[in-house]
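Listing of coords-v6.cif, mmCIF, C-alpha atoms
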```cif
data_protein
loop_
_atom_site.label_atom_id
_atom_site.label_comp_id
_atom_site.auth_asym_id
_atom_site.auth_seq_id
_atom_site.Cartn_x
_atom_site.Cartn_y
_atom_site.Cartn_z
CA MET A 1 0.00 0.00 0.00
CA PRO A 2 1.28 3.49 -0.85
CA GLY A 3 0.92 4.83 2.70
CA GLU A 4 2.84 2.02 4.40
CA PRO A 5 5.98 3.05 6.30
CA VAL A 6 8.32 0.97 4.12
CA LEU A 7 7.33 3.00 1.04
CA ARG A 8 7.94 6.39 2.57
CA PRO A 9 10.84 8.37 1.08
CA GLU A 10 12.92 8.23 4.28
CA ALA A 11 12.53 4.42 4.45
CA VAL A 12 13.54 4.07 0.81
CA ARG A 13 16.51 6.39 1.41
CA ALA A 14 17.63 4.21 4.32
CA GLN A 15 17.42 1.12 2.11
CA VAL A 16 19.39 2.78 -0.68
CA ASP A 17 22.01 3.98 1.79
CA ALA A 18 22.38 0.49 3.28
CA ALA A 19 22.80 -1.06 -0.17
CA HIS A 20 25.26 1.64 -1.20
CA SER A 21 27.33 1.12 1.94
CA LEU A 22 27.47 -2.62 1.38
CA LEU A 23 28.50 -2.24 -2.25
CA ARG A 24 31.12 0.37 -1.33
CA SER A 25 32.60 -2.05 1.21
CA PHE A 26 32.67 -4.74 -1.44
CA ALA A 27 34.41 -2.42 -3.90
CA GLN A 28 37.06 -1.53 -1.32
CA ALA A 29 37.71 -5.20 -0.57
CA ARG A 30 37.89 -5.93 -4.30
CA ASP A 31 40.39 -3.12 -4.84
CA GLU A 32 42.62 -4.37 -2.03
CA LEU A 33 42.51 -7.96 -3.28
CA GLU A 34 43.21 -6.77 -6.82
CA ALA A 35 46.31 -4.91 -5.62
CA GLN A 36 47.49 -7.96 -3.69
CA ALA A 37 46.95 -10.15 -6.77
CA ALA A 38 48.98 -7.74 -8.91
CA ARG A 39 51.83 -7.93 -6.39
CA ALA A 40 51.67 -11.74 -6.42
CA GLU A 41 51.77 -11.72 -10.25
CA GLY A 42 54.80 -9.47 -10.14
CA ARG A 43 56.54 -11.81 -7.70
CA GLU A 44 55.76 -14.75 -9.97
CA ARG A 45 57.03 -12.93 -13.06
CA HIS A 46 60.28 -11.98 -11.36
CA ALA A 47 60.76 -15.19 -9.42
CA GLY A 48 64.29 -16.52 -9.57
CA SER A 49 63.41 -20.06 -8.64
CA ASP A 50 60.67 -22.65 -8.92
CA ARG A 51 60.10 -22.31 -5.20
CA GLN A 52 59.40 -18.57 -5.54
CA ARG A 53 57.06 -19.20 -8.49
CA VAL A 54 55.16 -21.83 -6.52
CA ALA A 55 54.91 -19.51 -3.50
CA ALA A 56 53.50 -16.76 -5.74
CA ALA A 57 51.02 -19.19 -7.30
CA ILE A 58 49.88 -20.33 -3.84
CA GLU A 59 49.41 -16.70 -2.83
CA THR A 60 47.29 -16.15 -5.95
CA TYR A 61 45.07 -19.12 -5.07
CA ARG A 62 44.73 -17.82 -1.50
CA LEU A 63 43.63 -14.44 -2.84
CA LYS A 64 41.12 -16.11 -5.16
CA ALA A 65 39.66 -17.98 -2.17
CA GLU A 66 39.51 -14.72 -0.20
CA LEU A 67 37.70 -13.00 -3.09
CA ASP A 68 35.21 -15.87 -3.20
CA ASP A 69 34.61 -15.38 0.54
CA VAL A 70 34.07 -11.64 0.06
CA LEU A 71 31.62 -12.28 -2.80
CA THR A 72 29.73 -14.86 -0.76
CA ALA A 73 29.49 -12.59 2.28
CA THR A 74 28.39 -9.63 0.14
CA MET A 75 25.72 -11.71 -1.57
CA ARG A 76 24.48 -13.00 1.78
CA GLN A 77 24.30 -9.48 3.23
CA MET A 78 22.56 -8.09 0.15
CA THR A 79 20.07 -10.97 0.23
CA THR A 80 19.37 -10.25 3.90
CA LEU A 81 18.74 -6.58 3.06
CA MET A 82 16.41 -7.48 0.21
CA GLU A 83 14.48 -10.03 2.28
CA GLY A 84 14.09 -7.46 5.04
CA TRP A 85 12.68 -4.98 2.55
CA ARG A 86 10.21 -7.50 1.12
CA SER A 87 8.95 -8.58 4.51
CA ARG A 88 7.93 -5.07 5.49
#
```
Re-express the file's structure as structure tokens.
Amino acid sequence: MPGEPVLRPEAVRAQVDAAHSLLRSFAQARDELEAQAARAEGRERHAGSDRQRVAAAIETYRLKAELDDVLTATMRQMTTLMEGWRSR
């Protein structure tokens, strides 16, 4: 219904702000992981031994797993926000 509290402009603004904050946090985490991945790639490119190349590759896989965790957490939080909005 148009007069319900969830549809009021201030309620919608709060929802938009919450979503924006969550996405901004995700973007910051992505940027940090991207920088770490670039450093790992540089270490791999300039590795002087197989051991250094393997260490850089392991670091890259660790970063990939961390990115997956960030994506999963962001999706879970966004889903929670959306479900909260629908239930009102």
Length of the atom CA of A:Arg30 to atom CA of A:His46 vector [Å]: 24.2 Å
Return as a tab-separated table (two decimals) with C-alpha atoms, keeping the file's coordinate frame the set of residues that the PyMOL selection byres ((chain A and resi 44) around 10) yields on the displayed structure.
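Wrote part34.tsv, looks like this:
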```
chain	number	residue	atom	x	y	z
A	38	ALA	CA	48.98	-7.74	-8.91
A	39	ARG	CA	51.83	-7.93	-6.39
A	40	ALA	CA	51.67	-11.74	-6.42
A	41	GLU	CA	51.77	-11.72	-10.25
A	42	GLY	CA	54.80	-9.47	-10.14
A	43	ARG	CA	56.54	-11.81	-7.70
A	45	ARG	CA	57.03	-12.93	-13.06
A	46	HIS	CA	60.28	-11.98	-11.36
A	47	ALA	CA	60.76	-15.19	-9.42
A	48	GLY	CA	64.29	-16.52	-9.57
A	49	SER	CA	63.41	-20.06	-8.64
A	50	ASP	CA	60.67	-22.65	-8.92
A	51	ARG	CA	60.10	-22.31	-5.20
A	52	GLN	CA	59.40	-18.57	-5.54
A	53	ARG	CA	57.06	-19.20	-8.49
A	54	VAL	CA	55.16	-21.83	-6.52
A	55	ALA	CA	54.91	-19.51	-3.50
A	56	ALA	CA	53.50	-16.76	-5.74
A	57	ALA	CA	51.02	-19.19	-7.30
A	59	GLU	CA	49.41	-16.70	-2.83
A	60	THR	CA	47.29	-16.15	-5.95
```
Separation of atom CA of A:Met82 from atom CA of A:His20 in Å: 12.8 Å
Result set of the PyMOL selection byres ((chain A and resi 64-71) around 9) on the coordinates above, as an mmCIF file with C-alpha atoms, in the frame of the given file:
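Wrote it out as result_39.cif, contents follow:
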```
data_model
loop_
_atom_site.group_PDB
_atom_site.id
_atom_site.type_symbol
_atom_site.label_atom_id
_atom_site.label_comp_id
_atom_site.auth_asym_id
_atom_site.auth_seq_id
_atom_site.Cartn_x
_atom_site.Cartn_y
_atom_site.Cartn_z
ATOM 1 C CA PHE A 26 32.670 -4.740 -1.440
ATOM 2 C CA ALA A 29 37.710 -5.200 -0.570
ATOM 3 C CA ARG A 30 37.890 -5.930 -4.300
ATOM 4 C CA LEU A 33 42.510 -7.960 -3.280
ATOM 5 C CA ALA A 37 46.950 -10.150 -6.770
ATOM 6 C CA GLU A 59 49.410 -16.700 -2.830
ATOM 7 C CA THR A 60 47.290 -16.150 -5.950
ATOM 8 C CA TYR A 61 45.070 -19.120 -5.070
ATOM 9 C CA ARG A 62 44.730 -17.820 -1.500
ATOM 10 C CA LEU A 63 43.630 -14.440 -2.840
ATOM 11 C CA THR A 72 29.730 -14.860 -0.760
ATOM 12 C CA ALA A 73 29.490 -12.590 2.280
ATOM 13 C CA THR A 74 28.390 -9.630 0.140
ATOM 14 C CA MET A 75 25.720 -11.710 -1.570
ATOM 15 C CA ARG A 76 24.480 -13.000 1.780
#
```
Atomic separation - atom CA of A:Arg8 relative to atom CA of A:Ala27, Å: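 Distance reported for this atom pair: 28.6 Å.
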